[in-house]
$ cat query-v3.cif   # mmCIF, C-alpha atoms
data_start
#
loop_
_atom_site.label_atom_id
_atom_site.label_comp_id
_atom_site.auth_asym_id
_atom_site.auth_seq_id
_atom_site.Cartn_x
_atom_site.Cartn_y
_atom_site.Cartn_z
CA MET A 272 85.21 78.96 134.04
CA SER A 273 85.19 76.60 137.03
CA SER A 274 83.88 79.32 139.37
CA ARG A 275 81.05 80.08 136.92
CA ILE A 276 80.08 76.40 136.76
CA GLU A 277 80.14 76.22 140.54
CA LYS A 278 77.81 79.24 140.83
CA ILE A 279 75.38 77.73 138.32
CA SER A 280 75.47 74.45 140.25
CA GLN A 281 74.73 76.17 143.55
CA ARG A 282 71.89 78.19 141.97
CA SER A 283 70.40 75.02 140.45
CA LYS A 284 70.64 73.23 143.78
CA GLY A 285 68.86 76.12 145.48
CA GLN A 286 66.10 76.11 142.87
CA ILE A 287 65.56 72.37 143.29
CA LEU A 288 65.35 72.62 147.07
CA GLU A 289 62.92 75.52 146.83
CA ARG A 290 60.66 73.58 144.47
CA LEU A 291 60.71 70.60 146.81
CA LYS A 292 59.62 72.80 149.71
CA LYS A 293 56.74 74.22 147.71
CA ALA A 294 55.70 70.80 146.38
CA TYR A 295 55.51 69.45 149.91
CA LYS A 296 52.92 72.11 150.74
CA MET A 297 50.83 71.67 147.61
CA PRO A 298 47.21 71.22 148.83
CA GLU A 299 46.24 69.15 145.81
CA PHE A 300 48.92 66.54 146.54
CA GLU A 301 47.56 63.21 147.73
CA ARG A 302 48.79 59.65 147.90
CA LYS A 303 47.11 57.34 145.42
CA ALA A 304 47.09 53.57 145.45
CA SER A 305 49.35 51.97 142.85
CA ILE A 306 47.62 51.00 139.61
CA ASP A 307 47.37 47.25 139.31
CA PRO A 308 48.19 46.17 135.72
CA VAL A 309 47.31 42.51 136.37
CA ALA A 310 44.26 42.89 138.58
CA HIS A 311 41.91 39.98 138.22
CA ILE A 312 39.12 38.49 140.25
CA GLN A 313 39.73 34.99 141.51
CA LYS A 314 38.40 32.82 144.27
CA SER A 315 40.82 32.00 147.08
CA ASP A 316 41.13 28.34 146.03
CA GLU A 317 41.90 29.41 142.44
CA MET A 318 44.64 31.77 143.64
CA LEU A 319 46.08 29.01 145.83
CA GLU A 320 46.34 26.59 142.91
CA GLU A 321 47.79 29.26 140.61
CA MET A 322 50.37 30.23 143.22
CA LYS A 323 51.39 26.61 143.88
CA ARG A 324 51.82 26.00 140.16
CA LYS A 325 53.90 29.13 139.56
CA MET A 326 55.97 28.65 142.71
CA THR A 327 56.82 25.15 141.51
CA ASP A 328 57.85 26.66 138.16
CA ASN A 329 60.08 29.07 140.14
CA LYS A 330 61.84 26.08 141.77
CA TYR A 331 60.17 26.42 145.16
CA ILE A 332 59.49 23.09 146.85
CA VAL A 333 55.86 23.57 147.84
CA GLU A 334 54.70 21.73 150.96
CA GLN A 335 51.28 21.55 152.61
CA CYS A 336 50.84 21.09 156.33
CA ASP A 337 47.79 18.86 156.51
CA GLY A 338 47.08 16.87 159.66
CA ILE A 339 50.42 17.56 161.37
CA SER A 340 51.96 20.51 163.18
CA LEU A 341 54.26 23.02 161.54
CA GLU A 342 57.08 21.84 163.77
CA SER A 343 56.62 18.24 162.58
CA LYS A 344 56.59 19.32 158.93
CA ILE A 345 59.76 21.36 159.44
CA ASN A 346 61.43 18.35 161.05
CA GLU A 347 60.50 16.19 158.05
CA ILE A 348 62.14 18.66 155.66
CA VAL A 349 65.28 19.17 157.73
CA LYS A 350 65.73 15.43 158.31
CA SER A 351 65.65 14.80 154.55
CA TYR A 352 68.78 16.96 154.20
CA GLY A 353 70.49 15.88 157.41
CA TYR A 354 70.85 19.47 158.56
CA GLN A 355 71.49 20.32 162.22
CA LYS A 356 72.21 24.03 162.67
CA MET A 357 69.21 26.38 162.64
CA ILE A 358 68.87 30.16 162.81
CA TYR A 359 65.56 31.93 163.34
CA GLY A 360 63.99 35.29 164.23
CA GLU A 361 62.19 36.31 167.40
CA SER A 362 58.84 36.64 165.61
CA LEU A 363 58.73 33.00 164.52
CA GLU A 364 55.91 32.00 166.91
CA LEU A 365 56.76 28.31 166.90
CA ASP A 366 57.64 25.91 169.70
CA ILE A 367 61.39 25.96 169.16
CA ASN A 368 61.83 23.06 171.58
CA LYS A 369 60.00 20.82 169.11
CA ILE A 370 62.36 21.61 166.24
CA GLU A 371 64.95 18.84 165.90
CA ALA A 372 68.32 20.58 165.56
CA THR A 373 71.52 20.34 167.55
CA GLN A 374 72.09 24.11 167.36
CA LYS A 375 69.32 26.71 167.53
CA ILE A 376 70.43 30.32 167.21
CA CYS A 377 68.05 33.23 167.63
CA PHE A 378 68.94 36.15 165.35
CA ASN A 379 68.29 38.79 168.02
CA GLN A 380 71.57 40.70 167.87
CA GLU A 381 73.39 42.90 165.39
CA ILE A 382 74.85 41.03 162.42
CA GLU A 383 78.37 41.93 163.60
CA ASN A 384 77.82 39.77 166.70
CA LEU A 385 76.34 36.81 164.82
CA ARG A 386 78.09 36.93 161.46
CA THR A 387 79.74 33.49 161.78
CA ASP A 388 76.52 31.86 162.98
CA VAL A 389 74.42 33.48 160.25
CA PHE A 390 76.69 32.44 157.39
CA HIS A 391 77.38 28.95 158.73
CA SER A 392 73.84 27.91 159.62
CA ASP A 393 72.33 25.02 157.67
CA PHE A 394 68.79 26.33 157.57
CA SER A 395 66.56 29.22 158.54
CA ILE A 396 62.83 29.54 159.13
CA VAL A 397 61.01 32.73 158.12
CA ARG A 398 57.41 33.86 157.87
CA ALA A 399 56.14 35.29 154.60
CA ARG A 400 53.57 38.08 154.91
CA VAL A 401 51.79 37.16 151.67
CA GLY A 402 52.10 34.93 148.64
CA VAL A 403 51.43 36.42 145.19
CA SER A 404 49.55 34.09 142.85
CA SER A 405 50.18 36.05 139.62
CA HIS A 406 53.97 35.61 139.88
CA GLY A 407 54.46 32.69 142.25
CA VAL A 408 56.50 34.73 144.73
CA ALA A 409 56.39 35.34 148.47
CA LEU A 410 56.67 38.76 150.11
CA VAL A 411 58.91 38.97 153.16
CA HIS A 412 59.71 42.28 154.82
CA SER A 413 62.60 42.72 157.17
CA SER A 414 62.44 43.91 160.77
CA LYS A 415 64.41 43.58 164.00
CA MET A 416 62.25 40.54 164.76
CA GLN A 417 63.02 38.94 161.37
CA PRO A 418 66.26 40.28 159.86
CA ARG A 419 66.76 40.26 156.11
CA MET A 420 69.75 37.88 156.19
CA LEU A 421 67.57 35.03 157.46
CA SER A 422 66.24 34.48 153.94
CA LEU A 423 69.59 34.97 152.21
CA ALA A 424 72.49 33.39 154.08
CA PRO A 425 71.64 29.76 155.06
CA THR A 426 71.77 26.95 152.50
CA LEU A 427 68.12 26.06 153.10
CA CYS A 428 65.34 28.56 153.76
CA ILE A 429 62.02 27.24 155.04
CA MET A 430 59.20 29.74 154.56
CA LEU A 431 55.85 29.63 156.35
CA LEU A 432 52.73 31.04 154.68
CA LYS A 433 49.11 30.97 155.77
CA LYS A 434 46.79 30.02 152.92
CA GLU A 435 44.52 32.95 153.77
CA ASN A 436 47.42 35.34 153.08
CA ILE A 437 47.44 34.88 149.31
CA VAL A 438 46.80 37.86 147.04
CA GLY A 439 46.38 38.13 143.30
CA SER A 440 49.13 40.57 142.29
CA LEU A 441 52.31 42.39 143.28
CA VAL A 442 50.45 45.70 143.55
CA GLU A 443 47.89 44.19 145.91
CA ALA A 444 50.73 42.86 148.07
CA LEU A 445 52.47 46.25 148.19
CA ASN A 446 49.25 48.12 148.97
CA LEU A 447 48.67 45.71 151.85
CA VAL A 448 52.11 46.42 153.28
CA LYS A 449 51.53 50.17 152.90
CA ALA A 450 48.20 49.92 154.72
CA GLU A 451 49.73 47.97 157.59
CA ASN A 452 52.83 50.12 158.07
CA GLU A 453 52.77 53.88 158.62
CA VAL A 454 56.54 53.77 158.02
CA LEU A 455 57.44 51.24 155.35
CA PRO A 456 59.87 48.45 156.27
CA SER A 457 63.49 49.19 155.39
CA ASN A 458 63.55 46.19 153.09
CA ILE A 459 60.81 44.37 151.19
CA LEU A 460 61.71 41.15 149.38
CA PHE A 461 59.74 39.35 146.70
CA ILE A 462 61.33 35.92 146.84
CA ALA A 463 60.99 33.81 143.71
CA GLY A 464 62.45 30.55 145.00
CA PRO A 465 66.13 29.67 145.38
CA SER A 466 68.83 32.10 144.27
CA ARG A 467 70.13 31.25 140.81
CA THR A 468 72.00 32.66 137.85
CA ALA A 469 72.98 31.47 134.37
CA ASP A 470 75.80 33.99 133.89
CA ILE A 471 78.48 31.31 134.32
CA GLU A 472 78.86 29.71 130.89
CA LEU A 473 75.05 29.68 130.57
CA ILE A 474 74.85 26.95 133.24
CA THR A 475 72.26 27.50 135.97
CA VAL A 476 74.01 27.84 139.33
CA PHE A 477 71.99 27.87 142.53
CA GLY A 478 72.75 29.78 145.73
CA VAL A 479 74.80 32.64 144.30
CA HIS A 480 73.06 35.46 146.18
CA GLY A 481 70.81 33.52 148.55
CA SER A 482 69.63 30.10 149.62
CA GLN A 483 70.24 27.12 147.35
CA LYS A 484 67.01 25.44 148.42
CA VAL A 485 63.68 27.03 149.41
CA HIS A 486 60.71 25.14 150.80
CA ILE A 487 57.43 26.94 151.40
CA ILE A 488 54.93 25.40 153.80
CA LEU A 489 51.30 26.35 153.21
CA TYR A 490 49.09 25.94 156.25
CA GLU A 491 45.67 26.91 157.60
#

$ encode --input "query-v3.cif" --output "structure tokens"
Amino acid sequence: MSSRIEKISQRSKGQILERLKKAYKMPEFERKASIDPVAHIQKSDEMLEEMKRKMTDNKYIVEQCDGISLESKINEIVKSYGYQKMIYGESLELDINKIEATQKICFNQEIENLRTDVFHSDFSIVRARVGVSSHGVALVHSSKMQPRMLSLAPTLCIMLLKKENIVGSLVEALNLVKAENEVLPSNILFIAGPSRTADIELITVFGVHGSQKVHIILYE
């Protein structure tokens, strides 16, 4: 009986592989943009206000960088917590010398070489590609220049987002990433504020699978 089952399994596997080969060559196959179930037309200032409101509901601490530099705003936030140890990616594009921290670690090596530093840093700074007004989330995709763990391991995550990079829906955000990347990033995160769960006796606990605190700085 076992040999018969094995033969059927092998035949089924062969049939599946053959169908996949033929499907790949189907001339009528074409990539289509994802259907957007929440598409709506809004002005940029309306999307900004909607996103700020929903991000606040998601427990983000929403900051605006008006009249001061990003570095100064970051220093204000970090000083309020008394944090000193920072980790950041190579693509940050800030003047690191202006960030007030006693330790500044660039995440430019394999995680195995920086594991202690990554998991014992007080705060990280990451750049969000877009903010999504319909859900109040920020899209961050990982790369060698900005590894995934930057937004997950430190206690505080400070996210930077240009106001012009706000879209109306999740589908619009994904289609943008697809258009910009011939090969999709290995990891795409939609971050909805600090990590939290209510599985423990129905009490909300922050920081279970990510940062306990998330600030997002909106700037021009």

$ residues_around --input "query-v3.cif" --residues "Met430 in chain A" --least-positions-apart "6" --cutoff "9 Å" --atoms "all atoms listed in the file" --output "number ranges by chain"
A: 395-399, 409, 422, 485-489

$ resolve_selection --input "query-v3.cif" --expression "the PyMOL selection byres ((chain A and resi 416) around 12)" --output "PDB file with C-alpha atoms, in the frame of the given file"
ATOM      1  CA  TYR A 359      65.560  31.930 163.340  1.00  0.00           C
ATOM      2  CA  GLY A 360      63.990  35.290 164.230  1.00  0.00           C
ATOM      3  CA  GLU A 361      62.190  36.310 167.400  1.00  0.00           C
ATOM      4  CA  SER A 362      58.840  36.640 165.610  1.00  0.00           C
ATOM      5  CA  LEU A 363      58.730  33.000 164.520  1.00  0.00           C
ATOM      6  CA  GLU A 364      55.910  32.000 166.910  1.00  0.00           C
ATOM      7  CA  CYS A 377      68.050  33.230 167.630  1.00  0.00           C
ATOM      8  CA  PHE A 378      68.940  36.150 165.350  1.00  0.00           C
ATOM      9  CA  ASN A 379      68.290  38.790 168.020  1.00  0.00           C
ATOM     10  CA  GLN A 380      71.570  40.700 167.870  1.00  0.00           C
ATOM     11  CA  GLU A 381      73.390  42.900 165.390  1.00  0.00           C
ATOM     12  CA  VAL A 397      61.010  32.730 158.120  1.00  0.00           C
ATOM     13  CA  ARG A 398      57.410  33.860 157.870  1.00  0.00           C
ATOM     14  CA  HIS A 412      59.710  42.280 154.820  1.00  0.00           C
ATOM     15  CA  SER A 413      62.600  42.720 157.170  1.00  0.00           C
ATOM     16  CA  SER A 414      62.440  43.910 160.770  1.00  0.00           C
ATOM     17  CA  LYS A 415      64.410  43.580 164.000  1.00  0.00           C
ATOM     18  CA  GLN A 417      63.020  38.940 161.370  1.00  0.00           C
ATOM     19  CA  PRO A 418      66.260  40.280 159.860  1.00  0.00           C
ATOM     20  CA  ARG A 419      66.760  40.260 156.110  1.00  0.00           C
ATOM     21  CA  MET A 420      69.750  37.880 156.190  1.00  0.00           C
ATOM     22  CA  LEU A 421      67.570  35.030 157.460  1.00  0.00           C
ATOM     23  CA  PRO A 456      59.870  48.450 156.270  1.00  0.00           C
TER      24      PRO A 456
END

$ residues_around --input "query-v3.cif" --residues "range 346-355 of chain A" --least-positions-apart "4" --cutoff "9 Å" --atoms "only C-alpha atoms" --output "number ranges by chain"
A: 341-342, 369-375, 392-394, 427, 429, 486

$ atom_distance --input "query-v3.cif" --atom1 "CA of His391 in chain A" --atom2 "CA of Leu365 in chain A"
22.2 Å

$ residues_around --input "query-v3.cif" --residues "range 313-323 of chain A" --least-positions-apart "6" --cutoff "9 Å" --atoms "all atoms listed in the file" --output "PDB file with C-alpha atoms, in the coordinates of the input"
ATOM      1  CA  TYR A 331      60.170  26.420 145.160  1.00  0.00           C
ATOM      2  CA  VAL A 333      55.860  23.570 147.840  1.00  0.00           C
ATOM      3  CA  GLY A 402      52.100  34.930 148.640  1.00  0.00           C
ATOM      4  CA  VAL A 403      51.430  36.420 145.190  1.00  0.00           C
ATOM      5  CA  SER A 404      49.550  34.090 142.850  1.00  0.00           C
ATOM      6  CA  SER A 405      50.180  36.050 139.620  1.00  0.00           C
ATOM      7  CA  HIS A 406      53.970  35.610 139.880  1.00  0.00           C
ATOM      8  CA  GLY A 407      54.460  32.690 142.250  1.00  0.00           C
ATOM      9  CA  VAL A 408      56.500  34.730 144.730  1.00  0.00           C
ATOM     10  CA  LYS A 434      46.790  30.020 152.920  1.00  0.00           C
ATOM     11  CA  GLU A 435      44.520  32.950 153.770  1.00  0.00           C
ATOM     12  CA  ILE A 437      47.440  34.880 149.310  1.00  0.00           C
ATOM     13  CA  VAL A 438      46.800  37.860 147.040  1.00  0.00           C
ATOM     14  CA  GLY A 439      46.380  38.130 143.300  1.00  0.00           C
TER      15      GLY A 439
END

$ closest_residue --input "query-v3.cif" --among "A:Leu431, A:Val442, A:Gly481, A:Ala450" --to "Lys344 in chain A" --atoms "only C-alpha atoms"
A:Leu431

$ atom_distance --input "query-v3.cif" --atom1 "CA of Ala444 in chain A" --atom2 "CA of Asp307 in chain A"
10.4 Å

$ atom_distance --input "query-v3.cif" --atom1 "CA of Leu410 in chain A" --atom2 "CA of Ile382 in chain A"
22.1 Å

$ closest_residue --input "query-v3.cif" --among "A:Gln335, A:Ile306, A:Met326, A:Lys433" --to "Asn446 in chain A" --atoms "all atoms listed in the file"
A:Ile306

$ closest_residue --input "query-v3.cif" --among "A:Cys336, A:Val448, A:Ala424, A:Leu288" --to "Arg400 in chain A" --atoms "only C-alpha atoms"
A:Val448

$ residues_near_point --input "query-v3.cif" --point "(61.6, 37.7, 146.6)" --cutoff "9 Å" --atoms "only C-alpha atoms" --output "number ranges by chain"
A: 408-411, 459-464

$ build_atoms --input "query-v3.cif" --residues "range 480-491 of chain A" --atoms "all heavy atoms" --output "short mmCIF file (atom, residue, chain, number, x, y, z; two decimals), in the frame of the given file"
data_model
loop_
_atom_site.label_atom_id
_atom_site.label_comp_id
_atom_site.auth_asym_id
_atom_site.auth_seq_id
_atom_site.Cartn_x
_atom_site.Cartn_y
_atom_site.Cartn_z
N HIS A 480 73.35 34.29 145.35
CA HIS A 480 73.06 35.46 146.18
C HIS A 480 72.01 35.14 147.25
O HIS A 480 71.36 36.04 147.77
CB HIS A 480 72.56 36.62 145.31
CG HIS A 480 73.53 37.03 144.24
ND1 HIS A 480 74.77 37.55 144.52
CD2 HIS A 480 73.45 36.96 142.89
CE1 HIS A 480 75.41 37.81 143.39
NE2 HIS A 480 74.64 37.46 142.39
N GLY A 481 71.82 33.89 147.56
CA GLY A 481 70.81 33.52 148.55
C GLY A 481 70.79 32.02 148.73
O GLY A 481 71.72 31.31 148.34
N SER A 482 69.72 31.52 149.31
CA SER A 482 69.63 30.10 149.62
C SER A 482 69.61 29.24 148.36
O SER A 482 69.01 29.60 147.36
CB SER A 482 68.38 29.84 150.45
OG SER A 482 68.44 30.53 151.68
N GLN A 483 70.23 28.06 148.46
CA GLN A 483 70.24 27.12 147.35
C GLN A 483 68.91 26.36 147.24
O GLN A 483 68.53 25.92 146.17
CB GLN A 483 71.37 26.09 147.53
CG GLN A 483 72.76 26.67 147.46
CD GLN A 483 73.82 25.62 147.74
OE1 GLN A 483 73.51 24.44 147.84
NE2 GLN A 483 75.07 26.05 147.86
N LYS A 484 68.26 26.20 148.38
CA LYS A 484 67.01 25.44 148.42
C LYS A 484 65.99 26.25 149.21
O LYS A 484 66.31 26.80 150.27
CB LYS A 484 67.21 24.08 149.10
CG LYS A 484 68.39 23.26 148.58
CD LYS A 484 68.57 22.01 149.41
CE LYS A 484 69.85 21.26 149.02
NZ LYS A 484 71.06 21.91 149.55
N VAL A 485 64.75 26.31 148.71
CA VAL A 485 63.68 27.03 149.41
C VAL A 485 62.43 26.17 149.43
O VAL A 485 61.90 25.81 148.38
CB VAL A 485 63.37 28.39 148.74
CG1 VAL A 485 62.27 29.10 149.52
CG2 VAL A 485 64.62 29.27 148.68
N HIS A 486 61.99 25.83 150.62
CA HIS A 486 60.71 25.14 150.80
C HIS A 486 59.71 26.16 151.32
O HIS A 486 60.06 27.00 152.16
CB HIS A 486 60.83 24.01 151.83
CG HIS A 486 61.56 22.81 151.34
ND1 HIS A 486 60.96 21.57 151.21
CD2 HIS A 486 62.86 22.64 150.96
CE1 HIS A 486 61.85 20.70 150.77
NE2 HIS A 486 63.03 21.32 150.61
N ILE A 487 58.49 26.09 150.84
CA ILE A 487 57.43 26.94 151.40
C ILE A 487 56.33 26.05 151.91
O ILE A 487 55.84 25.16 151.19
CB ILE A 487 56.91 27.97 150.37
CG1 ILE A 487 55.94 28.93 151.07
CG2 ILE A 487 56.30 27.33 149.15
CD1 ILE A 487 55.75 30.25 150.35
N ILE A 488 55.98 26.21 153.18
CA ILE A 488 54.93 25.40 153.80
C ILE A 488 53.65 26.20 153.87
O ILE A 488 53.59 27.26 154.50
CB ILE A 488 55.34 24.97 155.23
CG1 ILE A 488 56.69 24.21 155.21
CG2 ILE A 488 54.26 24.10 155.86
CD1 ILE A 488 57.20 23.85 156.59
N LEU A 489 52.62 25.71 153.19
CA LEU A 489 51.30 26.35 153.21
C LEU A 489 50.47 25.68 154.29
O LEU A 489 50.38 24.46 154.36
CB LEU A 489 50.62 26.20 151.85
CG LEU A 489 51.45 26.67 150.63
CD1 LEU A 489 50.72 26.34 149.35
CD2 LEU A 489 51.72 28.16 150.73
N TYR A 490 49.85 26.50 155.14
CA TYR A 490 49.09 25.94 156.25
C TYR A 490 47.86 26.79 156.54
O TYR A 490 47.75 27.94 156.10
CB TYR A 490 49.98 25.81 157.51
CG TYR A 490 50.37 27.13 158.12
CD1 TYR A 490 49.72 27.62 159.24
CD2 TYR A 490 51.42 27.88 157.58
CE1 TYR A 490 50.09 28.83 159.81
CE2 TYR A 490 51.79 29.09 158.14
CZ TYR A 490 51.11 29.55 159.26
OH TYR A 490 51.50 30.77 159.80
N GLU A 491 46.91 26.21 157.26
CA GLU A 491 45.67 26.91 157.60
C GLU A 491 45.89 27.88 158.76
O GLU A 491 46.64 27.57 159.69
CB GLU A 491 44.59 25.90 158.02
CG GLU A 491 44.26 24.88 156.92
CD GLU A 491 43.51 25.50 155.75
OE1 GLU A 491 43.03 26.65 155.87
OE2 GLU A 491 43.40 24.81 154.72
#
